file protein.cif (mmCIF, C-alpha atoms)
data_coords
loop_
_atom_site.label_atom_id
_atom_site.label_comp_id
_atom_site.auth_asym_id
_atom_site.auth_seq_id
_atom_site.Cartn_x
_atom_site.Cartn_y
_atom_site.Cartn_z
CA MET A 1 -173.71 135.18 9.72
CA LEU A 2 -174.98 135.42 6.16
CA GLU A 3 -171.93 133.49 4.98
CA ARG A 4 -172.84 130.70 7.39
CA GLY A 5 -176.47 130.62 6.31
CA HIS A 6 -178.02 132.42 9.28
CA VAL A 7 -180.27 134.56 7.09
CA ASP A 8 -183.19 134.41 9.51
CA VAL A 9 -181.09 135.82 12.33
CA VAL A 10 -179.93 138.74 10.20
CA GLU A 11 -183.48 139.44 9.06
CA LEU A 12 -184.77 139.37 12.63
CA HIS A 13 -182.21 141.85 13.96
CA ALA A 14 -182.44 144.13 10.95
CA GLY A 15 -185.70 145.41 12.38
CA ARG A 16 -184.42 145.69 15.93
CA GLY A 17 -182.12 148.65 15.46
CA GLU A 18 -179.04 146.61 14.45
CA TRP A 19 -177.78 148.76 11.60
CA PHE A 20 -175.26 146.36 10.10
CA CYS A 21 -177.84 143.58 10.01
CA ALA A 22 -180.28 145.96 8.33
CA LEU A 23 -177.72 147.01 5.74
CA ALA A 24 -176.67 143.43 4.97
CA TRP A 25 -180.29 142.33 4.73
CA ALA A 26 -181.13 145.22 2.39
CA TRP A 27 -178.22 144.35 0.10
CA LEU A 28 -179.30 140.72 0.02
CA LEU A 29 -182.89 141.65 -0.81
CA GLY A 30 -181.66 143.94 -3.56
CA GLU A 31 -179.57 141.14 -5.07
CA GLN A 32 -182.72 139.02 -5.12
CA GLY A 33 -184.62 141.72 -7.02
CA ARG A 34 -186.72 142.63 -3.97
CA GLN A 35 -185.89 146.31 -4.10
CA ALA A 36 -189.05 147.63 -2.48
CA GLU A 37 -188.54 145.34 0.51
CA ALA A 38 -184.91 146.40 0.76
CA LEU A 39 -185.91 150.05 0.99
CA GLU A 40 -188.53 149.20 3.61
CA VAL A 41 -185.75 147.70 5.74
CA LEU A 42 -183.79 150.96 5.58
CA ALA A 43 -186.80 153.25 5.88
CA PRO A 44 -186.78 153.53 9.72
CA TYR A 45 -183.11 154.51 9.62
CA LEU A 46 -183.68 157.00 6.81
CA ALA A 47 -186.55 158.55 8.76
CA THR A 48 -184.09 159.69 11.42
CA GLY A 49 -182.12 161.64 8.82
CA TRP A 50 -178.99 159.67 9.73
CA TRP A 51 -176.38 160.46 7.07
CA THR A 52 -174.85 156.97 7.05
CA ALA A 53 -178.24 155.48 6.18
CA VAL A 54 -178.85 158.11 3.51
CA VAL A 55 -175.56 157.30 1.80
CA ALA A 56 -176.22 153.54 1.99
CA ALA A 57 -179.68 153.92 0.47
CA ALA A 58 -178.32 156.13 -2.30
CA GLU A 59 -175.63 153.56 -3.11
CA LEU A 60 -178.26 150.83 -3.31
CA LEU A 61 -180.48 152.90 -5.60
CA GLU A 62 -177.59 153.89 -7.82
CA GLY A 63 -176.50 150.26 -8.07
CA TRP A 64 -180.01 149.30 -9.14
CA GLY A 65 -179.95 151.95 -11.87
CA ARG A 66 -182.46 154.16 -10.06
CA VAL A 67 -180.23 157.19 -10.31
CA ASP A 68 -182.94 159.86 -10.05
CA ALA A 69 -184.13 158.37 -6.77
CA ALA A 70 -180.57 158.25 -5.43
CA ILE A 71 -180.04 161.89 -6.38
CA GLU A 72 -183.30 162.89 -4.74
CA ILE A 73 -182.58 161.48 -1.29
CA ILE A 74 -179.15 163.14 -1.25
CA ARG A 75 -180.69 166.41 -2.48
CA VAL A 76 -183.12 166.46 0.42
CA ARG A 77 -180.30 166.23 2.94
CA MET A 78 -178.28 168.83 1.04
CA GLU A 79 -181.12 171.32 1.19
CA ALA A 80 -181.49 170.56 4.89
CA GLY A 81 -177.91 171.75 5.29
CA HIS A 82 -176.01 168.54 5.99
CA PRO A 83 -172.30 169.43 5.73
CA LEU A 84 -171.34 166.35 3.71
CA ALA A 85 -174.27 166.29 1.32
CA LEU A 86 -173.05 168.75 -1.30
CA GLU A 87 -169.95 166.69 -2.05
CA SER A 88 -171.95 163.46 -2.36
CA TYR A 89 -174.64 165.16 -4.42
CA THR A 90 -172.27 166.74 -6.94
CA ARG A 91 -170.19 163.60 -7.36
CA LEU A 92 -173.38 161.65 -7.99
CA LEU A 93 -174.50 164.19 -10.58
CA ALA A 94 -171.13 164.07 -12.32
CA ARG A 95 -171.15 160.28 -12.49
CA HIS A 96 -174.42 160.40 -14.40
CA GLY A 97 -173.91 163.01 -17.07
CA ARG A 98 -174.70 166.14 -15.06
CA ALA A 99 -171.17 167.39 -14.47
CA LYS A 100 -171.96 170.94 -15.65
CA GLU A 101 -174.69 171.21 -13.06
CA ALA A 102 -172.35 169.86 -10.41
CA PHE A 103 -169.65 172.37 -11.33
CA THR A 104 -172.10 175.26 -11.09
CA LEU A 105 -173.19 174.15 -7.63
CA LEU A 106 -169.61 173.85 -6.45
CA ARG A 107 -168.36 177.12 -7.92
CA PRO A 108 -169.44 179.31 -4.95
CA HIS A 109 -167.57 177.01 -2.54
CA VAL A 110 -164.05 177.27 -3.95
CA GLY A 111 -162.75 178.47 -0.60
CA GLU A 112 -163.51 175.12 1.00
CA PRO A 113 -160.64 172.69 0.32
CA SER A 114 -162.68 169.48 0.18
CA LEU A 115 -165.22 170.98 -2.21
CA LEU A 116 -162.51 172.50 -4.39
CA VAL A 117 -161.08 169.01 -4.83
CA VAL A 118 -164.50 167.84 -6.02
CA LEU A 119 -164.73 170.81 -8.38
CA VAL A 120 -161.38 169.88 -9.92
CA ASP A 121 -162.53 166.27 -10.24
CA VAL A 122 -165.72 167.16 -12.13
CA ALA A 123 -164.29 170.02 -14.19
CA ALA A 124 -163.06 167.83 -17.05
CA ALA A 125 -166.43 166.13 -17.58
CA ALA A 126 -168.07 169.56 -17.35
CA GLY A 127 -165.75 170.99 -20.01
CA ARG A 128 -164.58 173.65 -17.56
CA ASP A 129 -160.99 172.73 -16.86
CA GLU A 130 -159.74 176.20 -17.75
CA GLU A 131 -162.18 177.90 -15.41
CA ALA A 132 -161.07 175.61 -12.59
CA ALA A 133 -157.44 176.27 -13.49
CA ALA A 134 -158.01 180.04 -13.33
CA LEU A 135 -159.43 179.71 -9.83
CA LEU A 136 -156.41 177.72 -8.76
CA GLU A 137 -153.92 180.06 -10.38
CA ALA A 138 -155.35 182.93 -8.37
CA ARG A 139 -154.90 180.92 -5.20
CA ALA A 140 -151.39 179.82 -6.23
CA ASP A 141 -150.30 183.47 -6.36
CA HIS A 142 -151.31 184.00 -2.72
CA ARG A 143 -148.61 183.77 -0.06
CA CYS A 144 -149.99 182.49 3.22
CA SER A 145 -148.74 184.35 6.27
CA ASP A 146 -150.35 182.37 9.06
CA LEU A 147 -150.79 178.69 8.21
CA PRO A 148 -153.06 176.84 8.60
CA TRP A 149 -155.53 179.56 9.55
CA CYS A 150 -154.79 181.98 6.72
CA CYS A 151 -156.60 179.99 4.03
CA ARG A 152 -158.38 177.34 6.07
CA GLY A 153 -156.05 174.71 4.66
CA LEU A 154 -156.30 175.88 1.05
CA ASP A 155 -152.72 177.09 0.85
CA ARG A 156 -150.58 177.81 -2.18
CA ASP A 157 -149.01 174.36 -2.39
CA THR A 158 -152.39 172.63 -2.23
CA ALA A 159 -153.62 174.84 -5.08
CA ILE A 160 -150.49 174.05 -7.09
CA GLY A 161 -151.07 170.32 -6.63
CA LEU A 162 -154.65 170.59 -7.88
CA LEU A 163 -153.63 172.78 -10.80
CA ALA A 164 -150.95 170.24 -11.77
CA ARG A 165 -153.62 167.55 -11.78
CA ILE A 166 -155.61 169.55 -14.33
CA ARG A 167 -152.59 170.22 -16.52
CA GLU A 168 -151.61 166.54 -16.53
CA ARG A 169 -155.01 165.37 -17.69
CA GLN A 170 -154.94 168.06 -20.39
CA GLY A 171 -151.77 166.48 -21.70
CA ARG A 172 -149.64 169.43 -20.57
CA THR A 173 -147.20 167.25 -18.68
CA ASP A 174 -144.23 169.61 -18.72
CA GLU A 175 -146.35 172.36 -17.17
CA ALA A 176 -147.59 169.98 -14.48
CA ILE A 177 -144.03 168.96 -13.62
CA ALA A 178 -142.87 172.57 -13.50
CA LEU A 179 -145.73 173.51 -11.21
CA LEU A 180 -144.96 170.77 -8.73
CA ARG A 181 -141.34 171.84 -8.64
CA THR A 182 -142.19 175.43 -7.76
CA GLY A 183 -144.12 174.83 -4.53
CA SER A 184 -142.85 177.15 -1.83
CA THR A 185 -142.17 174.33 0.58
CA MET A 186 -142.40 171.28 -1.69
CA LEU A 187 -144.89 169.63 0.64
CA LEU A 188 -144.72 165.86 0.93
CA ASN A 189 -148.05 165.58 -0.90
CA ASN A 190 -146.60 167.47 -3.85
CA ARG A 191 -143.46 165.36 -3.81
CA GLU A 192 -145.57 162.22 -3.93
CA GLN A 193 -147.67 163.67 -6.75
CA LEU A 194 -144.56 164.64 -8.73
CA ALA A 195 -143.03 161.19 -8.32
CA GLY A 196 -146.24 159.54 -9.47
CA LEU A 197 -146.53 161.87 -12.45
CA LEU A 198 -142.96 161.18 -13.58
CA ALA A 199 -143.54 157.44 -13.29
CA ARG A 200 -146.86 157.50 -15.18
CA HIS A 201 -145.20 159.26 -18.07
CA GLY A 202 -142.07 157.12 -18.10
CA ARG A 203 -139.76 160.03 -17.27
CA LEU A 204 -137.09 157.67 -15.99
CA ASP A 205 -134.10 160.02 -16.01
CA GLU A 206 -136.00 162.73 -14.14
CA LEU A 207 -137.28 160.16 -11.68
CA ARG A 208 -133.75 158.93 -11.06
CA ALA A 209 -132.62 162.48 -10.41
CA ALA A 210 -135.49 163.06 -8.01
CA ALA A 211 -134.73 159.82 -6.19
CA ALA A 212 -131.12 160.87 -5.75
CA THR A 213 -131.95 164.24 -4.20
CA ASP A 214 -135.37 163.92 -2.58
CA ASP A 215 -135.18 163.14 1.13
CA SER A 216 -138.72 161.73 1.09
CA ARG A 217 -139.23 158.15 0.02
CA TYR A 218 -141.76 158.87 -2.72
CA ALA A 219 -139.38 159.28 -5.65
CA VAL A 220 -137.44 156.15 -4.71
CA GLN A 221 -140.67 154.18 -4.35
CA ALA A 222 -141.99 155.37 -7.71
CA LEU A 223 -138.65 154.64 -9.39
CA ALA A 224 -138.47 151.14 -7.93
CA ARG A 225 -142.03 150.33 -8.98
CA LEU A 226 -141.45 151.58 -12.51
CA LEU A 227 -138.25 149.56 -12.85
CA GLU A 228 -139.94 146.44 -11.46
CA GLU A 229 -142.83 146.85 -13.92
CA ARG A 230 -140.27 147.01 -16.72
CA GLY A 231 -138.65 143.80 -15.53
CA ASP A 232 -135.54 145.44 -14.06
CA VAL A 233 -135.72 143.88 -10.62
CA GLU A 234 -132.05 144.48 -9.81
CA GLY A 235 -132.47 148.12 -10.73
CA ALA A 236 -135.49 148.39 -8.44
CA ILE A 237 -133.55 146.85 -5.56
CA ALA A 238 -130.61 149.16 -6.23
CA ALA A 239 -132.95 152.18 -6.13
CA TYR A 240 -133.81 151.34 -2.54
CA ARG A 241 -130.26 150.49 -1.60
CA GLN A 242 -128.56 153.58 -2.98
CA ALA A 243 -126.11 155.28 -0.65
CA ASN A 244 -127.86 157.48 1.91
CA GLY A 245 -131.20 156.36 0.48
CA PRO A 246 -134.37 156.15 2.56
CA VAL A 247 -133.90 152.47 3.42
CA THR A 248 -130.97 153.41 5.63
CA ARG A 249 -133.20 155.52 7.88
CA ASP A 250 -136.85 154.79 7.13
CA PRO A 251 -138.57 151.55 8.23
CA ASN A 252 -141.34 152.11 5.65
CA SER A 253 -138.85 152.10 2.78
CA ALA A 254 -137.15 149.06 4.25
CA PHE A 255 -140.50 147.31 4.36
CA GLU A 256 -141.13 148.18 0.69
CA LEU A 257 -137.73 146.75 -0.23
CA ALA A 258 -138.46 143.61 1.79
CA GLN A 259 -141.78 143.15 0.00
CA LEU A 260 -140.04 143.60 -3.35
CA LEU A 261 -137.52 140.92 -2.43
CA VAL A 262 -140.27 138.54 -1.28
CA ARG A 263 -142.18 139.02 -4.55
CA HIS A 264 -139.11 137.77 -6.38
CA GLY A 265 -138.33 134.77 -4.20
CA ARG A 266 -135.63 136.40 -2.11
CA GLY A 267 -137.21 136.09 1.30
CA ASN A 268 -133.95 135.47 3.14
CA GLU A 269 -132.62 138.80 1.90
CA ALA A 270 -135.87 140.42 3.03
CA ILE A 271 -135.28 139.06 6.54
CA ASP A 272 -131.80 140.59 6.55
CA VAL A 273 -133.23 143.97 5.54
CA MET A 274 -135.80 144.00 8.33
CA ARG A 275 -133.34 142.65 10.90
CA VAL A 276 -131.16 145.70 10.30
CA GLN A 277 -134.20 147.91 10.89
CA ALA A 278 -135.15 145.99 14.03
CA ASP A 279 -131.64 146.52 15.40
CA ALA A 280 -131.78 150.22 14.54
CA HIS A 281 -135.26 150.72 15.99
CA ASN A 282 -135.18 148.49 19.04
CA GLY A 283 -138.67 148.41 20.51
CA ASP A 284 -140.52 149.36 17.31
CA ASP A 285 -143.33 146.79 17.37
CA TRP A 286 -144.30 147.28 13.71
CA THR A 287 -140.76 146.50 12.57
CA LEU A 288 -140.59 143.46 14.84
CA HIS A 289 -143.94 142.21 13.56
CA THR A 290 -142.69 142.42 9.99
CA LEU A 291 -139.45 140.63 10.82
CA SER A 292 -141.29 137.88 12.70
CA ASP A 293 -143.83 137.36 9.92
CA LEU A 294 -141.02 137.04 7.38
CA CYS A 295 -139.31 134.44 9.52
CA LEU A 296 -142.56 132.50 9.85
CA ASP A 297 -143.20 132.62 6.12
CA ARG A 298 -139.70 131.34 5.40
CA GLY A 299 -140.00 128.51 7.92
CA ARG A 300 -137.41 130.08 10.19
CA PRO A 301 -139.22 130.59 13.53
CA GLY A 302 -136.06 129.84 15.49
CA ASP A 303 -134.19 132.64 13.78
CA GLY A 304 -137.07 135.00 14.49
CA LEU A 305 -136.99 134.09 18.17
CA ALA A 306 -133.22 134.53 18.28
CA HIS A 307 -133.59 138.07 16.92
CA LEU A 308 -136.27 138.86 19.47
CA ASP A 309 -134.20 137.38 22.31
CA ALA A 310 -131.19 139.48 21.33
CA LEU A 311 -133.27 142.64 21.19
CA ASP A 312 -134.89 141.76 24.52
CA ALA A 313 -131.46 141.35 26.09
CA ALA A 314 -130.42 144.75 24.71
CA ARG A 315 -133.42 146.27 26.48
CA GLY A 316 -132.42 144.69 29.79
CA GLY A 317 -134.74 141.70 29.63
CA GLU A 318 -137.91 143.56 30.54
CA GLU A 319 -140.30 142.93 27.67
CA ASP A 320 -143.74 144.52 27.88
CA TRP A 321 -146.69 142.58 26.57
CA ASP A 322 -146.96 144.83 23.48
CA LEU A 323 -143.65 143.36 22.32
CA TYR A 324 -143.73 139.99 24.04
CA TRP A 325 -146.77 138.64 22.19
CA ILE A 326 -145.01 139.05 18.84
CA ARG A 327 -143.00 135.93 19.68
CA LEU A 328 -146.03 133.70 20.31
CA PRO A 329 -146.65 132.51 16.71
CA LEU A 330 -142.92 131.80 16.42
CA ILE A 331 -142.94 129.67 19.57
CA ALA A 332 -146.06 127.85 18.37
CA ALA A 333 -144.46 127.15 14.98
CA ARG A 334 -141.25 125.83 16.53
CA ASP A 335 -142.39 124.17 19.75
CA GLY A 336 -146.17 123.83 19.46
CA VAL A 337 -149.18 125.76 20.69
CA ASP A 338 -149.14 124.29 24.19
CA GLU A 339 -145.57 125.42 24.77
CA ALA A 340 -146.45 128.89 23.52
CA ILE A 341 -149.36 129.09 25.95
CA THR A 342 -147.18 127.82 28.80
CA GLN A 343 -144.75 130.65 28.13
CA VAL A 344 -147.61 133.14 27.96
CA ARG A 345 -148.76 132.06 31.39
CA SER A 346 -145.30 132.79 32.78
CA HIS A 347 -145.43 136.41 31.65
CA PRO A 348 -146.67 138.94 34.25
CA ASP A 349 -149.44 140.01 31.88
CA GLY A 350 -150.32 136.53 30.67
CA ALA A 351 -153.62 136.38 32.56
CA THR A 352 -154.88 139.82 31.52
CA SER A 353 -157.76 140.72 29.24
CA TYR A 354 -155.39 142.04 26.58
CA ALA A 355 -153.41 138.79 26.53
CA ALA A 356 -156.54 136.67 26.12
CA PRO A 357 -157.16 137.36 22.38
CA HIS A 358 -153.58 136.39 21.54
CA ILE A 359 -153.95 133.09 23.39
CA ALA A 360 -157.30 132.53 21.72
CA GLU A 361 -155.80 133.15 18.29
CA LEU A 362 -153.18 130.47 18.91
CA LEU A 363 -155.83 127.98 20.00
CA ALA A 364 -158.23 128.74 17.17
CA GLY A 365 -155.40 128.51 14.64
CA ALA A 366 -154.76 124.99 15.90
CA GLY A 367 -158.42 124.07 15.47
CA ARG A 368 -159.16 124.37 19.19
CA THR A 369 -161.87 127.01 18.90
CA GLU A 370 -163.89 125.90 21.94
CA GLU A 371 -160.77 126.38 24.08
CA ALA A 372 -160.29 129.79 22.54
CA ILE A 373 -163.85 130.66 23.51
CA ALA A 374 -163.26 129.53 27.06
CA VAL A 375 -160.23 131.80 27.34
CA LEU A 376 -162.13 134.83 26.03
CA GLU A 377 -165.18 134.18 28.19
CA GLN A 378 -163.06 135.01 31.22
CA HIS A 379 -162.61 138.52 29.80
CA ALA A 380 -165.77 138.88 27.75
CA HIS A 381 -166.34 142.55 28.43
CA ALA A 382 -162.98 143.58 26.93
CA ASN A 383 -163.07 141.06 24.07
CA SER A 384 -166.73 140.82 23.10
CA HIS A 385 -166.20 141.11 19.34
CA ASP A 386 -163.45 138.46 19.26
CA LEU A 387 -165.55 136.17 21.44
CA ALA A 388 -168.64 136.63 19.27
CA GLY A 389 -166.63 135.87 16.15
CA TYR A 390 -165.42 132.55 17.50
CA LEU A 391 -168.92 131.68 18.73
CA ILE A 392 -170.26 132.25 15.23
CA ASP A 393 -167.45 130.07 13.85
CA VAL A 394 -168.83 127.14 15.85
CA ASP A 395 -172.47 128.01 14.99
CA ARG A 396 -173.32 129.31 18.46
CA VAL A 397 -175.10 132.26 16.93
CA GLU A 398 -177.51 133.02 19.73
CA ASP A 399 -174.66 133.02 22.23
CA ALA A 400 -172.73 135.39 19.97
CA LEU A 401 -175.68 137.77 19.77
CA ALA A 402 -176.12 137.68 23.52
CA VAL A 403 -172.47 138.63 24.00
CA LEU A 404 -172.67 141.52 21.57
CA GLN A 405 -175.90 142.83 23.04
CA ARG A 406 -174.57 142.59 26.57
CA TYR A 407 -171.21 144.26 26.07
CA THR A 408 -171.43 146.57 23.08
CA THR A 409 -173.14 149.86 22.30
CA ARG A 410 -176.91 149.76 22.26
CA PRO A 411 -178.49 149.62 18.80
CA LEU A 412 -179.80 152.72 17.09
CA GLU A 413 -183.10 153.94 18.47
CA LEU A 414 -185.41 154.14 15.49
CA SER A 415 -188.26 156.02 17.07
CA ASP A 416 -186.55 159.10 18.52
CA GLY A 417 -186.58 161.11 15.29
CA THR A 418 -182.94 162.19 15.60
#
call {"tool": "encode", "arguments": {"input": "protein.cif", "output": "structure tokens"}}
result
Amino acid sequence: MLERGHVDVVELHAGRGEWFCALAWAWLLGEQGRQAEALEVLAPYLATGWWTAVVAAAELLEGWGRVDAAIEIIRVRMEAGHPLALESYTRLLARHGRAKEAFTLLRPHVGEPSLLVVLVDVAAAAGRDEEAAALLEARADHRCSDLPWCCRGLDRDTAIGLLARIRERQGRTDEAIALLRTGSTMLLNNREQLAGLLARHGRLDELRAAAATDDSRYAVQALARLLEERGDVEGAIAAYRQANGPVTRDPNSAFELAQLLVRHGRGNEAIDVMRVQADAHNGDDWTLHTLSDLCLDRGRPGDGLAHLDALDAARGGEEDWDLYWIRLPLIAARDGVDEAITQVRSHPDGATSYAAPHIAELLAGAGRTEEAIAVLEQHAHANSHDLAGYLIDVDRVEDALAVLQRYTTRPLELSDGT
């Protein structure tokens, strides 16, 4: 609404318990140099102790350069025992030259995985990398016997990954690599970290070796990205296409290869890659979406529909709505929006609430937003946000607000003190 100039509407509802209006209005006031007014807008929300409002106010204050005030409101919630406040408080301290203080506060909480991550992050600025490393080394020597309960998620491999992060930033790259290769199970997170580390330091031969033996996709992905950055596009493509590589079995790797091909003007090859995946994973809607989008982008909607028809036939011709609607943009591109809608209406689910937003999207994309609204109004309860968005698009702001207030969660009560 702000983008369309409805400032007065946002201001009005900011004080009526509509949090997102209040937040947007506060940001706008801050940009206009009206900081005191911005804080007044958030004050009723802050008075409830609501953590989301506390974080938003702290971000505003920090952005205005009022760091001490930002620290103070987080400190109050920390001392009240909010479970997320210590992490926010210590990161805020570290960002503003108080990393040593942050480290000291975090030191008693090394058994909590999320806080240990923060401790590792602030250790360098605090000049206490070695102390953090010693804590991690002690944990890395422990052998968990009952995961995940033994160490509450802070297992040996997690400790090794954090220790490797410290060694890398100390310039001790070989040690970091060795650590990541010694994990008891070589967790996927550690494999991803190792691949990224090898790529950052240009260790091409080691990365190639990892890509050839690692059954995760991370080493191949890192190798392909590094080769592409160096201008070796064919080498990057070959990394994905190596024999028994992840592209042969993993739709995510196939998607990455397709995106690589598209970036270098080889969209038709990208379609071939995703068609193979669609054949191998018949019924995988994500794969079919990707294939269809590629066909649309290349101006080949007919080919996309042919692939979908063949897959539909292989499934016995019974296509649920979750898969059927993927073909709608292709039909619209080839035969027009009206034909697409006609075909929708022939589907058993074509008149349902979950079909309505897809029909509306076709109509709105053709500039027929009022028709899109009419479709959604028949199923307003299930599609209130989509309906409100289109109403705002045609400047029917009050109607949009009425829809949201009628069908969505009630706004935050500002007077209950919770």
call {"tool": "resolve_selection", "arguments": {"input": "protein.cif", "expression": "the PyMOL selection byres ((chain A and resi 76-78) around 12)", "output": "PyMOL selection string"}}
result
chain A and resi 46-55+58+69-75+79-90+105
call {"tool": "closest_atom_pairs", "arguments": {"input": "protein.cif", "of": "segment 293-345 of chain A", "to": "segment 357-377 of chain A", "cutoff": "8 Å", "atoms": "all atoms listed in the file", "output": "CSV"}}
result
residue,atom,partner,partner_atom,distance
A:Trp325,CA,A:His358,CA,7.2
A:Leu328,CA,A:Leu362,CA,8.0
A:Pro329,CA,A:Leu362,CA,7.2
A:Ala332,CA,A:Leu362,CA,7.6
A:Val337,CA,A:Leu362,CA,6.4
A:Ile341,CA,A:Ile359,CA,6.6
A:Val344,CA,A:Ile359,CA,7.8
call {"tool": "residues_around", "arguments": {"input": "protein.cif", "residues": "Glu101 of chain A", "least_positions_apart": "5", "cutoff": "9 Å", "atoms": "all atoms listed in the file", "output": "VMD selection string"}}
result
chain A and resid 90 93 to 94 106 126
call {"tool": "atom_distance", "arguments": {"input": "protein.cif", "atom1": "atom CA of Leu226 of chain A", "atom2": "atom CA of Glu269 of chain A"}}
result
21.2 Å
call {"tool": "resolve_selection", "arguments": {"input": "protein.cif", "expression": "the PyMOL selection byres ((chain A and resi 250-253) around 12)", "output": "PyMOL selection string"}}
result
chain A and resi 215-222+224+237+239-242+244-249+254-260+273-282+284-288+290-291
call {"tool": "write_last_selection", "arguments": {"input": "protein.cif", "atoms": "C-alpha atoms", "output": "tab-separated table (two decimals), keeping the file's coordinate frame"}}
result
chain	number	residue	atom	x	y	z
A	215	ASP	CA	-135.18	163.14	1.13
A	216	SER	CA	-138.72	161.73	1.09
A	217	ARG	CA	-139.23	158.15	0.02
A	218	TYR	CA	-141.76	158.87	-2.72
A	219	ALA	CA	-139.38	159.28	-5.65
A	220	VAL	CA	-137.44	156.15	-4.71
A	221	GLN	CA	-140.67	154.18	-4.35
A	222	ALA	CA	-141.99	155.37	-7.71
A	224	ALA	CA	-138.47	151.14	-7.93
A	237	ILE	CA	-133.55	146.85	-5.56
A	239	ALA	CA	-132.95	152.18	-6.13
A	240	TYR	CA	-133.81	151.34	-2.54
A	241	ARG	CA	-130.26	150.49	-1.60
A	242	GLN	CA	-128.56	153.58	-2.98
A	244	ASN	CA	-127.86	157.48	1.91
A	245	GLY	CA	-131.20	156.36	0.48
A	246	PRO	CA	-134.37	156.15	2.56
A	247	VAL	CA	-133.90	152.47	3.42
A	248	THR	CA	-130.97	153.41	5.63
A	249	ARG	CA	-133.20	155.52	7.88
A	254	ALA	CA	-137.15	149.06	4.25
A	255	PHE	CA	-140.50	147.31	4.36
A	256	GLU	CA	-141.13	148.18	0.69
A	257	LEU	CA	-137.73	146.75	-0.23
A	258	ALA	CA	-138.46	143.61	1.79
A	259	GLN	CA	-141.78	143.15	0.00
A	260	LEU	CA	-140.04	143.60	-3.35
A	273	VAL	CA	-133.23	143.97	5.54
A	274	MET	CA	-135.80	144.00	8.33
A	275	ARG	CA	-133.34	142.65	10.90
A	276	VAL	CA	-131.16	145.70	10.30
A	277	GLN	CA	-134.20	147.91	10.89
A	278	ALA	CA	-135.15	145.99	14.03
A	279	ASP	CA	-131.64	146.52	15.40
A	280	ALA	CA	-131.78	150.22	14.54
A	281	HIS	CA	-135.26	150.72	15.99
A	282	ASN	CA	-135.18	148.49	19.04
A	284	ASP	CA	-140.52	149.36	17.31
A	285	ASP	CA	-143.33	146.79	17.37
A	286	TRP	CA	-144.30	147.28	13.71
A	287	THR	CA	-140.76	146.50	12.57
A	288	LEU	CA	-140.59	143.46	14.84
A	290	THR	CA	-142.69	142.42	9.99
A	291	LEU	CA	-139.45	140.63	10.82
